[in-house]
Amino acid sequence: MKFVPVAALLAALLVSGCASVDMASPEASSSAKQFDPPSPGHAGVYIYRNSFAGKGLKKDIWIDGECIGESAPDVFFHTEVEGDKQHTIDTESEFSPNRLELMFEAGKNYFIRQFIKIGLFVGGAGLEQVTDEQGKEDIADLELAKPGNCSGPR
């Protein structure tokens, strides 16, 4: 009998609450939203989270095993990676990391959406590449988070 109220409370926490992370300045956020071409030999990577589910959850994001940051609702990250090379993007999930492997062409920007999936015990996260148009539209309403500060080792 006690399991039902606890399960209901956990489910409510997955879709409510509000996790927070360290944010970049409004100027840095506005600058990143200009979507300028990356520096020579590099590709720009925008990773963002705008899903309704899991507002109280923070999930780490890594590129090639290096911490990009800990995501929260309505934030995005922007970084550059070596162009014309395959890179691996990982995020936390309930039982294991979720991974996306993509070839990033130099001179282009790429948009990756992190989404929260309701899990058995805690919410997991997934990743998907979206079109430039969709990524720019989604990021227009988000704010830039400071890089780093992953909560767990990779």
# chains A, B, ... in the order shown; residues from 1 in each chain; ligands from 1
call {"tool": "residues_around", "arguments": {"residues": "region 29-32 of chain A", "least_positions_apart": "6", "cutoff": "8 Å", "atoms": "only C-alpha atoms", "output": "number ranges by chain"}}
result
A: 78, 143-144
call {"tool": "write_last_selection", "arguments": {"atoms": "N, CA and C atoms", "output": "PDB file, in the first residue's frame"}}
result
ATOM      1  N   HIS A  78      27.052  25.240 -26.378  1.00  0.00           N
ATOM      2  CA  HIS A  78      27.659  25.443 -27.681  1.00  0.00           C
ATOM      3  C   HIS A  78      29.156  25.221 -27.543  1.00  0.00           C
ATOM      4  N   GLU A 143      18.442  29.354 -22.985  1.00  0.00           N
ATOM      5  CA  GLU A 143      19.577  30.140 -22.526  1.00  0.00           C
ATOM      6  C   GLU A 143      20.826  29.268 -22.465  1.00  0.00           C
ATOM      7  N   LEU A 144      21.972  29.878 -22.703  1.00  0.00           N
ATOM      8  CA  LEU A 144      23.265  29.186 -22.736  1.00  0.00           C
ATOM      9  C   LEU A 144      23.727  28.846 -21.331  1.00  0.00           C
TER      10      LEU A 144
END
call {"tool": "residues_around", "arguments": {"residues": "Ile68 (chain A)", "least_positions_apart": "6", "cutoff": "10 Å", "atoms": "only C-alpha atoms", "output": "list of chain:residue names"}}
result
A:Ile47, A:Asp60, A:Ile61, A:Trp62, A:Phe77, A:His78, A:Thr79, A:Ile89, A:Asp90, A:Ala145, A:Lys146, A:Pro147, A:Gly148, A:Asn149, A:Cys150
call {"tool": "write_last_selection", "arguments": {"atoms": "C-alpha atoms", "output": "PDB file, in the first residue's frame"}}
result
ATOM      1  CA  ILE A  47      23.268  20.537 -27.710  1.00  0.00           C
ATOM      2  CA  ASP A  60      25.492  14.990 -18.017  1.00  0.00           C
ATOM      3  CA  ILE A  61      26.573  15.384 -21.645  1.00  0.00           C
ATOM      4  CA  TRP A  62      29.995  14.387 -23.026  1.00  0.00           C
ATOM      5  CA  PHE A  77      25.482  24.281 -24.823  1.00  0.00           C
ATOM      6  CA  HIS A  78      27.659  25.443 -27.681  1.00  0.00           C
ATOM      7  CA  THR A  79      31.135  24.152 -28.444  1.00  0.00           C
ATOM      8  CA  ILE A  89      28.131  12.334 -27.928  1.00  0.00           C
ATOM      9  CA  ASP A  90      26.979  10.602 -24.739  1.00  0.00           C
ATOM     10  CA  ALA A 145      24.629  27.127 -19.842  1.00  0.00           C
ATOM     11  CA  LYS A 146      28.226  27.307 -18.665  1.00  0.00           C
ATOM     12  CA  PRO A 147      30.299  24.336 -19.827  1.00  0.00           C
ATOM     13  CA  GLY A 148      31.689  21.692 -17.487  1.00  0.00           C
ATOM     14  CA  ASN A 149      30.548  20.519 -14.077  1.00  0.00           C
ATOM     15  CA  CYS A 150      29.412  17.003 -14.958  1.00  0.00           C
TER      16      CYS A 150
END
call {"tool": "atom_distance", "arguments": {"atom1": "CA of Glu128 (chain A)", "atom2": "CA of Phe115 (chain A)"}}
result
8.1 Å
call {"tool": "closest_residue", "arguments": {"among": "A:Gly83, A:Pro73, A:Gly65, A:Gly123", "to": "Tyr48 (chain A)", "atoms": "only C-alpha atoms"}}
result
A:Pro73
call {"tool": "select_by_dssp", "arguments": {"residues": "region 26-151 of chain A", "states": "strand (DSSP E or B)", "output": "ChimeraX atom specification"}}
result
/A:42-49,59-63,66-71,75-82,85-91,98-104,109-117,124-130,143-145,148
call {"tool": "write_last_selection", "arguments": {"atoms": "C-alpha atoms", "output": "short mmCIF file (atom, residue, chain, number, x, y, z; two decimals), in the first residue's frame"}}
result
data_model
loop_
_atom_site.label_atom_id
_atom_site.label_comp_id
_atom_site.auth_asym_id
_atom_site.auth_seq_id
_atom_site.Cartn_x
_atom_site.Cartn_y
_atom_site.Cartn_z
CA HIS A 42 36.11 23.00 -36.85
CA ALA A 43 32.41 22.17 -36.63
CA GLY A 44 30.01 23.93 -34.27
CA VAL A 45 27.91 21.76 -31.97
CA TYR A 46 24.76 22.96 -30.23
CA ILE A 47 23.27 20.54 -27.71
CA TYR A 48 20.02 21.54 -26.07
CA ARG A 49 17.16 20.33 -23.93
CA LYS A 59 21.81 14.94 -17.08
CA ASP A 60 25.49 14.99 -18.02
CA ILE A 61 26.57 15.38 -21.64
CA TRP A 62 29.99 14.39 -23.03
CA ILE A 63 31.66 14.69 -26.41
CA GLU A 66 34.99 15.10 -22.24
CA CYS A 67 32.37 16.82 -20.11
CA ILE A 68 30.34 19.41 -22.01
CA GLY A 69 28.09 20.10 -19.05
CA GLU A 70 25.16 19.09 -16.95
CA SER A 71 21.93 19.87 -18.74
CA VAL A 75 19.27 25.33 -21.65
CA PHE A 76 21.75 24.77 -24.45
CA PHE A 77 25.48 24.28 -24.82
CA HIS A 78 27.66 25.44 -27.68
CA THR A 79 31.13 24.15 -28.44
CA GLU A 80 33.41 23.44 -31.39
CA VAL A 81 35.01 20.14 -32.33
CA GLU A 82 37.58 19.14 -34.91
CA LYS A 85 35.93 13.70 -38.11
CA GLN A 86 33.51 11.36 -36.36
CA HIS A 87 32.64 12.29 -32.78
CA THR A 88 30.72 10.53 -30.02
CA ILE A 89 28.13 12.33 -27.93
CA ASP A 90 26.98 10.60 -24.74
CA THR A 91 24.33 11.37 -22.16
CA ASN A 98 22.95 6.80 -24.59
CA ARG A 99 25.32 7.48 -27.45
CA LEU A 100 25.15 9.24 -30.78
CA GLU A 101 28.04 8.92 -33.25
CA LEU A 102 28.14 11.53 -35.99
CA MET A 103 30.53 12.77 -38.66
CA PHE A 104 30.98 16.52 -38.24
CA ASN A 109 26.96 23.82 -37.27
CA TYR A 110 25.12 20.79 -35.91
CA PHE A 111 22.14 20.63 -33.59
CA ILE A 112 21.55 17.82 -31.11
CA ARG A 113 18.44 17.64 -28.92
CA GLN A 114 18.63 15.87 -25.58
CA PHE A 115 15.27 14.56 -24.41
CA ILE A 116 14.15 12.97 -21.16
CA LYS A 117 12.60 9.51 -21.16
CA GLY A 124 16.81 8.62 -18.59
CA ALA A 125 17.94 10.75 -21.47
CA GLY A 126 18.31 10.29 -25.19
CA LEU A 127 19.91 12.24 -28.03
CA GLU A 128 18.81 13.00 -31.57
CA GLN A 129 20.19 15.13 -34.35
CA VAL A 130 17.72 17.73 -35.63
CA GLU A 143 19.58 30.14 -22.53
CA LEU A 144 23.27 29.19 -22.74
CA ALA A 145 24.63 27.13 -19.84
CA GLY A 148 31.69 21.69 -17.49
#
call {"tool": "atom_distance", "arguments": {"atom1": "CA of Pro26 (chain A)", "atom2": "CA of Leu142 (chain A)"}}
result
10.9 Å
call {"tool": "atom_distance", "arguments": {"atom1": "CA of Asp132 (chain A)", "atom2": "CA of Lys108 (chain A)"}}
result
9.9 Å
call {"tool": "closest_residue", "arguments": {"among": "A:Asp84, A:Glu105, A:Asp22, A:Asp36", "to": "Ala72 (chain A)", "atoms": "only C-alpha atoms"}}
result
A:Asp22
call {"tool": "decode", "arguments": {"residues": "region 33-72 of chain A", "atoms": "N, CA and C atoms", "output": "tab-separated table (two decimals), in the first residue's frame"}}
result
chain	number	residue	atom	x	y	z
A	33	LYS	N	23.54	32.53	-30.12
A	33	LYS	CA	22.32	32.44	-30.92
A	33	LYS	C	22.44	33.12	-32.28
A	34	GLN	N	23.61	33.70	-32.58
A	34	GLN	CA	23.85	34.25	-33.92
A	34	GLN	C	24.17	33.12	-34.91
A	35	PHE	N	24.55	31.95	-34.36
A	35	PHE	CA	24.84	30.76	-35.16
A	35	PHE	C	25.90	31.03	-36.22
A	36	ASP	N	26.94	31.77	-35.82
A	36	ASP	CA	28.04	32.07	-36.72
A	36	ASP	C	28.75	30.79	-37.14
A	37	PRO	N	29.39	30.80	-38.30
A	37	PRO	CA	30.17	29.62	-38.71
A	37	PRO	C	31.30	29.37	-37.70
A	38	PRO	N	31.65	28.10	-37.50
A	38	PRO	CA	32.74	27.78	-36.57
A	38	PRO	C	34.09	28.24	-37.11
A	39	SER	N	35.09	28.23	-36.24
A	39	SER	CA	36.44	28.62	-36.65
A	39	SER	C	36.97	27.62	-37.68
A	40	PRO	N	37.93	28.03	-38.51
A	40	PRO	CA	38.44	27.16	-39.58
A	40	PRO	C	38.88	25.78	-39.06
A	41	GLY	N	38.48	24.76	-39.80
A	41	GLY	CA	38.84	23.39	-39.45
A	41	GLY	C	37.98	22.77	-38.38
A	42	HIS	N	36.96	23.49	-37.93
A	42	HIS	CA	36.11	23.00	-36.85
A	42	HIS	C	34.65	22.94	-37.28
A	43	ALA	N	33.86	22.21	-36.48
A	43	ALA	CA	32.41	22.17	-36.63
A	43	ALA	C	31.81	22.70	-35.33
A	44	GLY	N	30.72	23.44	-35.44
A	44	GLY	CA	30.01	23.93	-34.27
A	44	GLY	C	28.99	22.90	-33.82
A	45	VAL	N	28.87	22.72	-32.51
A	45	VAL	CA	27.91	21.76	-31.97
A	45	VAL	C	27.04	22.47	-30.93
A	46	TYR	N	25.74	22.44	-31.17
A	46	TYR	CA	24.76	22.96	-30.23
A	46	TYR	C	24.00	21.75	-29.67
A	47	ILE	N	24.01	21.61	-28.36
A	47	ILE	CA	23.27	20.54	-27.71
A	47	ILE	C	22.29	21.21	-26.76
A	48	TYR	N	21.03	20.85	-26.87
A	48	TYR	CA	20.02	21.54	-26.07
A	48	TYR	C	18.96	20.59	-25.53
A	49	ARG	N	18.25	21.10	-24.53
A	49	ARG	CA	17.16	20.33	-23.93
A	49	ARG	C	15.96	21.24	-23.75
A	50	ASN	N	14.86	20.86	-24.36
A	50	ASN	CA	13.64	21.64	-24.25
A	50	ASN	C	12.41	20.76	-24.00
A	51	SER	N	12.63	19.55	-23.50
A	51	SER	CA	11.51	18.63	-23.27
A	51	SER	C	10.76	18.99	-22.00
A	52	PHE	N	9.47	18.73	-21.99
A	52	PHE	CA	8.63	19.03	-20.83
A	52	PHE	C	8.90	18.05	-19.70
A	53	ALA	N	9.07	16.79	-20.03
A	53	ALA	CA	9.27	15.76	-19.00
A	53	ALA	C	10.61	15.95	-18.29
A	54	GLY	N	10.64	15.61	-17.03
A	54	GLY	CA	11.90	15.60	-16.29
A	54	GLY	C	12.44	16.96	-15.92
A	55	LYS	N	11.57	17.91	-15.67
A	55	LYS	CA	12.02	19.27	-15.34
A	55	LYS	C	12.94	19.30	-14.12
A	56	GLY	N	12.83	18.33	-13.23
A	56	GLY	CA	13.66	18.30	-12.03
A	56	GLY	C	14.96	17.55	-12.20
A	57	LEU	N	15.24	17.05	-13.39
A	57	LEU	CA	16.43	16.22	-13.62
A	57	LEU	C	17.54	17.00	-14.31
A	58	LYS	N	18.77	16.69	-13.92
A	58	LYS	CA	19.95	17.18	-14.62
A	58	LYS	C	20.66	15.95	-15.19
A	59	LYS	N	21.16	16.06	-16.41
A	59	LYS	CA	21.81	14.94	-17.08
A	59	LYS	C	23.11	15.40	-17.73
A	60	ASP	N	24.18	14.66	-17.46
A	60	ASP	CA	25.49	14.99	-18.02
A	60	ASP	C	25.53	14.74	-19.53
A	61	ILE	N	26.34	15.54	-20.21
A	61	ILE	CA	26.57	15.38	-21.64
A	61	ILE	C	28.08	15.40	-21.87
A	62	TRP	N	28.57	14.46	-22.70
A	62	TRP	CA	29.99	14.39	-23.03
A	62	TRP	C	30.16	14.32	-24.54
A	63	ILE	N	31.24	14.90	-25.03
A	63	ILE	CA	31.66	14.69	-26.41
A	63	ILE	C	33.04	14.07	-26.36
A	64	ASP	N	33.17	12.91	-26.98
A	64	ASP	CA	34.43	12.16	-27.01
A	64	ASP	C	35.00	11.98	-25.60
A	65	GLY	N	34.11	11.72	-24.64
A	65	GLY	CA	34.53	11.45	-23.27
A	65	GLY	C	34.85	12.67	-22.43
A	66	GLU	N	34.72	13.86	-22.99
A	66	GLU	CA	34.99	15.10	-22.24
A	66	GLU	C	33.67	15.76	-21.87
A	67	CYS	N	33.59	16.20	-20.62
A	67	CYS	CA	32.37	16.82	-20.11
A	67	CYS	C	32.05	18.10	-20.87
A	68	ILE	N	30.85	18.17	-21.41
A	68	ILE	CA	30.34	19.41	-22.01
A	68	ILE	C	29.59	20.17	-20.93
A	69	GLY	N	28.83	19.45	-20.12
A	69	GLY	CA	28.09	20.10	-19.05
A	69	GLY	C	26.95	19.24	-18.56
A	70	GLU	N	26.32	19.75	-17.55
A	70	GLU	CA	25.16	19.09	-16.95
A	70	GLU	C	23.93	19.86	-17.42
A	71	SER	N	23.08	19.18	-18.17
A	71	SER	CA	21.93	19.87	-18.74
A	71	SER	C	20.80	20.00	-17.73
A	72	ALA	N	19.95	20.93	-17.99
A	72	ALA	CA	18.74	21.18	-17.22
A	72	ALA	C	17.69	21.64	-18.22
